[in-house]
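A.B. asks: Input file: input.txt. Contents: compact mmCIF, C-alpha atoms.
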```txt
# COMPACT_ATOMS: atom_id res chain seq x y z
CA MET A 1 0.00 0.00 0.00
CA ALA A 2 1.46 3.37 -1.01
CA ASP A 3 0.17 6.73 0.23
CA GLY A 4 -2.82 5.02 1.81
CA ILE A 5 -3.91 3.64 -1.52
CA PRO A 6 -4.18 -0.14 -1.47
CA THR A 7 -3.16 -2.27 -4.39
CA TRP A 8 -5.84 -4.07 -6.31
CA GLU A 9 -4.66 -7.41 -4.91
CA GLU A 10 -4.92 -6.02 -1.37
CA VAL A 11 -8.47 -4.88 -2.02
CA ALA A 12 -9.44 -8.27 -3.39
CA ARG A 13 -7.72 -10.14 -0.57
CA ASP A 14 -8.67 -7.97 2.41
CA HIS A 15 -12.05 -6.61 1.35
CA GLY A 16 -13.24 -9.17 -1.15
CA ARG A 17 -15.46 -10.87 1.40
CA PHE A 18 -17.14 -7.57 2.29
CA LEU A 19 -17.64 -6.73 -1.36
CA TYR A 20 -19.03 -10.19 -2.15
CA THR A 21 -21.37 -10.07 0.85
CA VAL A 22 -22.83 -6.75 -0.29
CA ALA A 23 -23.11 -8.12 -3.84
CA TYR A 24 -24.87 -11.24 -2.60
CA ARG A 25 -27.35 -9.36 -0.43
CA LEU A 26 -28.17 -7.03 -3.34
CA ALA A 27 -28.41 -9.71 -6.01
CA GLY A 28 -30.05 -12.43 -3.95
CA ASN A 29 -28.29 -15.33 -5.65
CA GLU A 30 -24.82 -16.70 -6.08
CA GLN A 31 -24.43 -16.45 -9.82
CA ASP A 32 -25.41 -12.80 -10.05
CA ALA A 33 -23.37 -12.04 -6.94
CA GLN A 34 -20.28 -13.48 -8.62
CA ASP A 35 -20.86 -11.39 -11.72
CA LEU A 36 -21.36 -8.29 -9.60
CA ALA A 37 -18.24 -8.92 -7.55
CA GLN A 38 -16.14 -9.48 -10.66
CA GLU A 39 -17.40 -6.42 -12.43
CA ALA A 40 -16.97 -4.33 -9.28
CA LEU A 41 -13.38 -5.47 -8.88
CA ILE A 42 -12.66 -4.61 -12.49
CA ARG A 43 -13.95 -1.10 -11.81
CA VAL A 44 -11.92 -0.98 -8.62
CA ARG A 45 -8.79 -1.86 -10.57
CA LYS A 46 -9.51 0.87 -13.11
CA GLY A 47 -10.43 3.40 -10.45
CA LEU A 48 -7.75 2.85 -7.83
CA GLU A 49 -5.57 5.63 -9.19
CA ARG A 50 -8.36 8.09 -8.50
CA TYR A 51 -9.22 6.69 -5.08
CA GLU A 52 -8.82 9.24 -2.30
CA PRO A 53 -7.92 7.60 1.00
CA GLY A 54 -10.95 7.53 3.24
CA SER A 55 -13.63 4.94 3.82
CA LEU A 56 -12.45 2.15 1.56
CA GLU A 57 -15.46 -0.02 2.29
CA GLY A 58 -17.76 2.92 1.63
CA TRP A 59 -16.07 3.35 -1.74
CA LEU A 60 -16.36 -0.38 -2.48
CA ALA A 61 -20.03 -0.44 -1.44
CA ARG A 62 -20.67 2.46 -3.76
CA ILE A 63 -18.98 0.71 -6.67
CA VAL A 64 -20.78 -2.59 -6.20
CA THR A 65 -24.08 -0.71 -5.84
CA ASN A 66 -23.46 1.13 -9.09
CA VAL A 67 -22.65 -2.15 -10.83
CA PHE A 68 -25.85 -3.63 -9.45
CA LEU A 69 -28.00 -0.68 -10.55
CA ASP A 70 -26.38 -0.66 -14.01
CA GLU A 71 -27.17 -4.36 -14.37
CA MET A 72 -30.76 -3.84 -13.25
CA ARG A 73 -31.21 -1.07 -15.81
CA ARG A 74 -29.65 -3.23 -18.53
CA ARG A 75 -31.92 -6.17 -17.75
CA LYS A 76 -35.01 -4.00 -17.67
CA ARG A 77 -34.18 -2.83 -21.17
CA ARG A 78 -33.56 -6.42 -22.29
CA PRO A 79 -35.34 -8.78 -19.94
CA THR A 80 -33.71 -12.09 -20.87
CA SER A 81 -33.72 -13.77 -17.49
CA ALA A 82 -35.68 -13.82 -14.29
CA LEU A 83 -34.97 -10.85 -12.15
CA PRO A 84 -34.95 -10.79 -8.42
CA ASP A 85 -36.37 -7.28 -8.51
CA ASP A 86 -39.66 -7.74 -10.26
CA PRO A 87 -41.25 -4.31 -9.98
CA ASP A 88 -44.36 -5.91 -8.60
CA TRP A 89 -43.90 -6.44 -4.94
CA VAL A 90 -43.71 -10.17 -4.44
CA VAL A 91 -43.59 -11.41 -0.91
CA PRO A 92 -42.33 -14.88 -0.12
CA PRO A 93 -44.76 -16.99 1.85
CA ALA A 94 -44.82 -15.98 5.49
CA PRO A 95 -43.56 -18.60 7.92
CA ALA A 96 -45.97 -20.44 10.16
CA ALA A 97 -46.89 -18.62 13.34
CA ASP A 98 -44.70 -20.77 15.56
CA GLU A 99 -41.64 -20.06 13.38
CA ALA A 100 -42.00 -16.34 13.25
CA SER A 101 -40.41 -15.21 16.46
CA HIS A 102 -36.84 -15.64 15.22
CA GLU A 103 -36.26 -15.12 11.54
CA LEU A 104 -34.01 -17.64 9.88
CA PRO A 105 -31.27 -16.08 7.76
CA GLU A 106 -32.58 -17.81 4.65
CA ASP A 107 -36.12 -16.48 5.25
CA LEU A 108 -34.75 -13.00 5.75
CA GLN A 109 -32.55 -13.31 2.66
CA ALA A 110 -35.56 -14.45 0.60
CA ALA A 111 -37.63 -11.53 1.85
CA LEU A 112 -34.75 -9.15 1.16
CA ALA A 113 -34.35 -10.47 -2.39
CA ALA A 114 -38.07 -9.96 -2.99
CA LEU A 115 -38.00 -6.39 -1.72
CA PRO A 116 -38.30 -3.82 -4.52
CA GLU A 117 -34.93 -2.51 -5.55
CA GLU A 118 -35.63 1.05 -4.38
CA PHE A 119 -35.99 -0.19 -0.80
CA ARG A 120 -33.55 -3.11 -0.94
CA VAL A 121 -30.54 -1.05 -1.98
CA PRO A 122 -30.66 1.50 0.88
CA VAL A 123 -31.49 -1.21 3.42
CA VAL A 124 -28.50 -3.31 2.31
CA LEU A 125 -26.21 -0.30 2.28
CA CYS A 126 -27.34 0.65 5.78
CA ASP A 127 -27.61 -2.73 7.52
CA VAL A 128 -25.13 -4.86 5.58
CA ALA A 129 -22.55 -2.36 4.37
CA ASP A 130 -22.94 -0.20 7.49
CA GLN A 131 -23.11 3.07 5.59
CA SER A 132 -24.48 6.30 7.05
CA TYR A 133 -27.57 7.92 5.57
CA GLU A 134 -25.38 10.64 4.11
CA GLN A 135 -23.07 8.13 2.42
CA ILE A 136 -26.06 6.27 1.00
CA ALA A 137 -27.60 9.50 -0.25
CA ASP A 138 -24.31 10.33 -1.91
CA SER A 139 -23.97 6.89 -3.50
CA LEU A 140 -27.52 6.86 -4.83
CA ASP A 141 -27.68 10.56 -5.61
CA ILE A 142 -30.91 11.04 -3.70
CA PRO A 143 -31.77 13.30 -0.74
CA VAL A 144 -31.05 12.11 2.80
CA GLY A 145 -34.77 12.37 3.60
CA THR A 146 -35.52 9.89 0.82
CA VAL A 147 -32.88 7.52 2.15
CA ARG A 148 -34.47 7.74 5.59
CA SER A 149 -37.98 7.00 4.36
CA ARG A 150 -36.85 4.15 2.09
CA ILE A 151 -34.85 2.45 4.83
CA HIS A 152 -37.81 2.74 7.17
CA ARG A 153 -40.31 1.47 4.63
CA GLY A 154 -37.98 -1.32 3.55
CA ARG A 155 -37.62 -2.56 7.12
CA ARG A 156 -41.38 -2.39 7.67
CA LEU A 157 -42.02 -4.36 4.47
CA LEU A 158 -39.48 -6.97 5.53
CA ARG A 159 -41.15 -7.24 8.88
CA GLY A 160 -44.53 -7.66 7.22
CA ALA A 161 -43.16 -10.36 4.91
CA LEU A 162 -41.71 -12.31 7.81
CA THR A 163 -44.63 -12.02 10.18
CA PRO A 164 -47.72 -14.16 9.60
CA ASP A 165 -50.92 -12.21 9.75
CA PRO A 166 -53.31 -13.94 12.15
CA ASP A 167 -56.28 -12.42 10.35
CA GLY A 168 -55.14 -13.84 7.04
CA ALA A 169 -54.87 -10.41 5.50
CA ASP A 170 -52.75 -10.01 2.41
CA PRO A 171 -49.20 -9.73 3.72
CA ASP A 172 -48.05 -7.57 0.85
CA THR A 173 -50.22 -4.67 1.84
CA PRO A 174 -47.74 -2.02 2.87
CA PRO A 175 -48.25 -0.74 6.37
CA THR A 176 -50.40 2.33 6.43
CA GLY A 177 -49.12 5.80 7.04
CA LEU A 178 -45.64 5.03 5.78
CA GLU A 179 -45.58 7.14 2.69
CA GLY A 180 -42.45 9.16 2.94
CA ALA A 181 -40.39 11.49 0.86
CA ALA A 182 -39.53 8.74 -1.65
CA MET B 183 -51.26 20.23 13.96
CA THR B 184 -48.27 20.50 16.25
CA GLU B 185 -44.74 19.70 15.14
CA ARG B 186 -44.77 16.56 17.23
CA GLU B 187 -47.96 15.26 15.65
CA ALA B 188 -46.57 15.96 12.23
CA MET B 189 -43.40 14.01 12.95
CA HIS B 190 -43.23 11.17 10.51
CA GLU B 191 -42.90 7.60 11.60
CA ASP B 192 -39.69 7.18 9.64
CA ALA B 193 -38.03 9.22 12.37
CA LEU B 194 -38.07 5.95 14.31
CA SER B 195 -35.65 4.26 11.92
CA ALA B 196 -33.44 7.33 11.91
CA TYR B 197 -33.61 7.34 15.73
CA LEU B 198 -32.56 3.70 15.81
CA ASP B 199 -29.67 4.38 13.44
CA GLY B 200 -28.42 7.39 15.39
CA GLU B 201 -29.19 9.67 12.47
CA LEU B 202 -31.14 12.36 14.34
CA ASP B 203 -29.83 15.58 15.81
CA ASP B 204 -30.39 16.30 19.50
CA ALA B 205 -33.67 18.17 19.05
CA ALA B 206 -35.23 15.54 16.80
CA ARG B 207 -34.07 12.76 19.08
CA ALA B 208 -35.71 14.50 22.05
CA ASP B 209 -38.94 14.79 20.05
CA VAL B 210 -38.94 11.09 19.25
CA GLU B 211 -38.24 10.15 22.85
CA ALA B 212 -41.08 12.37 24.07
CA ARG B 213 -43.42 10.75 21.57
CA LEU B 214 -42.29 7.28 22.61
CA GLU B 215 -43.19 8.05 26.20
CA THR B 216 -46.80 8.74 25.31
CA SER B 217 -47.40 6.39 22.39
CA PRO B 218 -47.57 2.62 22.90
CA GLU B 219 -48.00 2.30 19.14
CA TRP B 220 -44.69 4.01 18.46
CA ARG B 221 -42.99 1.90 21.10
CA ALA B 222 -44.29 -1.27 19.44
CA ILE B 223 -43.13 -0.10 16.02
CA LEU B 224 -39.72 0.80 17.39
CA GLU B 225 -39.37 -2.67 18.88
CA GLU B 226 -40.30 -4.32 15.58
CA LEU B 227 -37.86 -2.11 13.71
CA ARG B 228 -35.12 -2.96 16.19
CA GLU B 229 -35.73 -6.70 15.73
CA THR B 230 -35.70 -6.43 11.95
CA ARG B 231 -32.60 -4.27 11.88
CA ASP B 232 -30.78 -6.57 14.30
CA ALA B 233 -31.71 -9.60 12.21
CA LEU B 234 -30.40 -7.89 9.07
CA ARG B 235 -27.18 -6.91 10.79
CA ALA B 236 -26.77 -10.45 12.09
CA LEU B 237 -26.90 -11.94 8.60
CA PRO B 238 -23.59 -13.71 8.15
CA ALA B 239 -20.89 -12.52 5.79
CA VAL B 240 -20.90 -14.62 2.64
CA ASP B 241 -17.79 -16.30 1.34
CA PRO B 242 -17.54 -16.44 -2.42
CA PRO B 243 -16.60 -19.72 -4.02
CA PRO B 244 -12.79 -20.13 -3.86
CA GLU B 245 -12.46 -20.40 -7.62
CA LEU B 246 -13.91 -16.91 -7.98
CA TRP B 247 -10.91 -15.38 -6.22
CA SER B 248 -8.45 -17.40 -8.22
CA ARG B 249 -10.16 -16.31 -11.42
CA ILE B 250 -10.23 -12.67 -10.30
CA LEU B 251 -6.65 -12.62 -9.08
CA GLY B 252 -5.70 -14.56 -12.21
CA GLY B 253 -6.31 -11.49 -14.34
CA ASP B 254 -7.98 -11.08 -17.68
CA ASP B 255 -10.25 -14.10 -17.43
CA VAL B 256 -12.42 -12.01 -15.14
CA VAL B 257 -13.62 -9.87 -17.98
CA ASP B 258 -14.16 -12.86 -20.21
CA LEU B 259 -16.35 -14.73 -17.74
CA ALA B 260 -18.80 -11.91 -17.12
CA ALA B 261 -18.85 -10.93 -20.78
CA ALA B 262 -19.46 -14.52 -21.87
CA ARG B 263 -22.42 -14.87 -19.56
CA ARG B 264 -23.86 -11.62 -20.82
CA GLU B 265 -23.28 -12.72 -24.40
CA ARG B 266 -25.13 -15.97 -23.80
CA ARG B 267 -28.09 -14.04 -22.39
CA ASP B 268 -28.08 -11.65 -25.34
CA ARG B 269 -27.83 -14.53 -27.81
CA ARG B 270 -30.86 -16.19 -26.27
CA SER B 271 -32.65 -12.88 -26.58
CA ILE B 272 -31.78 -12.56 -30.28
CA TRP B 273 -33.07 -16.04 -31.05
CA LYS B 274 -36.27 -15.24 -29.21
CA MET B 275 -36.70 -12.13 -31.36
CA VAL B 276 -36.04 -14.12 -34.57
CA ALA B 277 -38.59 -16.74 -33.53
CA ALA B 278 -41.14 -14.03 -32.71
CA ALA B 279 -40.58 -12.34 -36.09
CA ALA B 280 -40.98 -15.65 -37.95
CA ALA B 281 -44.18 -16.41 -36.07
CA ALA B 282 -45.52 -12.95 -36.88
CA ALA B 283 -44.71 -13.43 -40.59
CA ILE B 284 -46.54 -16.77 -40.68
CA VAL B 285 -49.58 -15.22 -39.01
CA ILE B 286 -49.64 -12.42 -41.60
CA VAL B 287 -49.28 -14.79 -44.57
CA VAL B 288 -51.96 -17.15 -43.28
CA GLY B 289 -54.20 -14.21 -42.45
CA VAL B 290 -53.90 -12.71 -45.92
CA ALA B 291 -54.56 -16.07 -47.56
CA ALA B 292 -57.58 -16.69 -45.41
CA VAL B 293 -59.29 -13.37 -46.12
CA PRO B 294 -61.91 -13.86 -48.90
CA GLN B 295 -61.01 -11.88 -52.01
CA PRO B 296 -63.70 -9.84 -53.82
CA ASP B 297 -64.64 -10.95 -57.35
CA LYS B 298 -62.04 -9.91 -59.83
CA VAL B 299 -62.93 -6.76 -61.73
CA GLU B 300 -60.60 -6.11 -64.56
CA PRO B 301 -61.22 -3.16 -66.79
CA ALA B 302 -61.78 -4.41 -70.27
CA VAL B 303 -59.11 -2.08 -71.59
CA ALA B 304 -58.72 -3.80 -74.93
CA THR B 305 -62.48 -3.73 -75.53
CA TYR B 306 -62.72 -0.04 -74.76
CA ALA B 307 -59.63 0.71 -76.82
CA ASP B 308 -60.95 -1.19 -79.82
CA ALA B 309 -64.28 0.57 -79.59
CA HIS B 310 -62.50 3.88 -79.34
CA ALA B 311 -60.32 3.07 -82.31
CA ALA B 312 -63.36 2.08 -84.31
CA ARG B 313 -65.03 5.40 -83.47
CA SER B 314 -61.90 7.38 -84.35
CA SER B 315 -61.56 5.68 -87.71
CA LEU B 316 -65.07 6.82 -88.52
CA SER B 317 -64.61 10.41 -87.36
CA ASN B 318 -61.03 10.91 -88.64
CA ASP B 319 -60.38 12.78 -85.45
CA ALA B 320 -56.58 13.23 -85.27
CA VAL B 321 -56.41 13.31 -81.48
CA SER B 322 -58.54 10.17 -81.09
CA SER B 323 -56.39 8.41 -83.62
CA LEU B 324 -53.26 9.19 -81.63
CA ALA B 325 -54.90 7.92 -78.41
CA SER B 326 -55.78 4.57 -79.90
CA VAL B 327 -52.21 4.00 -81.07
CA GLY B 328 -51.03 4.40 -77.49
CA ILE B 329 -52.66 1.13 -76.32
CA PRO B 330 -50.72 -1.92 -77.52
CA GLY B 331 -52.86 -4.49 -79.20
CA SER B 332 -55.83 -2.23 -79.56
CA THR B 333 -55.33 -1.87 -83.28
CA ARG B 334 -54.78 -5.55 -84.04
```
Would you give me this structure, written as structure tokens?
C.D. replies:
Amino acid sequence: MADGIPTWEEVARDHGRFLYTVAYRLAGNEQDAQDLAQEALIRVRKGLERYEPGSLEGWLARIVTNVFLDEMRRRKRRPTSALPDDPDWVVPPAPAADEASHELPEDLQAALAALPEEFRVPVVLCDVADQSYEQIADSLDIPVGTVRSRIHRGRRLLRGALTPDPDGADPDTPPTGLEGAA
Amino acid sequence: MTEREAMHEDALSAYLDGELDDAARADVEARLETSPEWRAILEELRETRDALRALPAVDPPPELWSRILGGDDVVDLAAARRERRDRRSIWKMVAAAAAAAIVIVVGVAAVPQPDKVEPAVATYADAHAARSSLSNDAVSSLASVGIPGSTR
């Protein structure tokens, strides 16, 4: 590492797991996560010269997010394969009542993958990549207030997807009164 | 409506994440003291956020790192996958175009055609020529010459 700038190999070795984890939580499956991680590392290699020492993981999270959003846009233009981010809100089946008290990671991952992209991305950046609202707003080029409302709504939707409704109401009905700045 | 009543529920997530300034945090805490509903929502949010943050880090398959650290193959792998997707898309478009062409051809063939009405050009021309030969009208004579076969 020279002048606080890591080499590409150091990034891949020391932060590859972080980058892959963010990619996996965004993409929702292994194959797409691998593609995202590869493409992100290619961009990292090209962009290292311009990297200004600071939050390296914040920079990596931003790059992998941009790769993810680029891929989503590309697939929407040419929908050739199933997307995890169908614009229609699809909720995985809620677990049985006696299973709901402690979410299993796979249930949570499935619910996360089914969350619309506009909520999933800020939630992942906040709760997986540990980014501040300001960093997320900067990465996504949206106001901080929008980040705040999307994170909140995303968490509420996840909660709704993971909690069985005893009245049998449609679980995909967003909680009321949650319309925010988004 | 007071400022407190207008406070949006998403302040709870920001409160949980330590994203509020002192004044806003005090507002949320005052609201929490008086609102069981807000306390319940906060608890649910805390559980969901904690579950998300407890999701384990994911290790990529070992061969991914060797491919990535190996160099140029990285580009080739992602590009090849994309190319395969695009190729499938092209074949789908070709198949759709072929199907559309068949539908059009069959549709045209199936539509009943009206009885053929062909102008009896030769008949009219011959009649015209016959009239012009009687009248010796120069213009009519020229017109009849213009229709091949009319003077045979």
A.B. asks: For chain A against chain B, with a cut-off of 6 Å and counting all atoms listed in the file, what is the closest atom pair and its distance in Å to one decimal for every residue that makes the cut, ordered by chain and number, as a Markdown table?
C.D. replies:
```
| residue | atom | partner | partner_atom | distance |
| --- | --- | --- | --- | --- |
| A:Arg17 | CA | B:Asp241 | CA | 5.9 |
| A:Thr21 | CA | B:Val240 | CA | 4.9 |
| A:Asp35 | CA | B:Ala260 | CA | 5.8 |
| A:Thr80 | CA | B:Ser271 | CA | 5.9 |
| A:Asp127 | CA | B:Arg235 | CA | 5.3 |
| A:Val128 | CA | B:Arg235 | CA | 6.0 |
| A:Ser149 | CA | B:Asp192 | CA | 5.6 |
| A:His152 | CA | B:Asp192 | CA | 5.4 |
```
A.B. asks: Could you name the residues that touch Ser132 of chain A at 10 Å or less, counting only C-alpha atoms, but leaving out those on the same chain fewer than 2 positions away, as a ChimeraX atom specification?
C.D. replies: /A:58,122,125-127,129-130,134-138,144,147 /B:199-201
A.B. asks: Interatomic distance between atom CA of Thr163 of chain A and atom CA of Asp107 of chain A?
C.D. replies: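 Here the two named atoms are 10.8 Å from each other.
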A.B. asks: Give me, please, the distance in Å between atom CA of Glu219 of chain B and atom CA of Val124 of chain A, quoted to one decimal.
C.D. replies: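 Calculated distance between atom CA of Glu219 of chain B and atom CA of Val124 of chain A is 26.4 Å.
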A.B. asks: Looking at all atoms listed in the file, which of A:Leu140, A:Ala113, A:Leu19, A:Val11 is the one that sits closest to Asn66 of chain A?
C.D. replies: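 Between A:Leu140, A:Ala113, A:Leu19, A:Val11, the residue approaching Asn66 of chain A most closely is A:Leu140.
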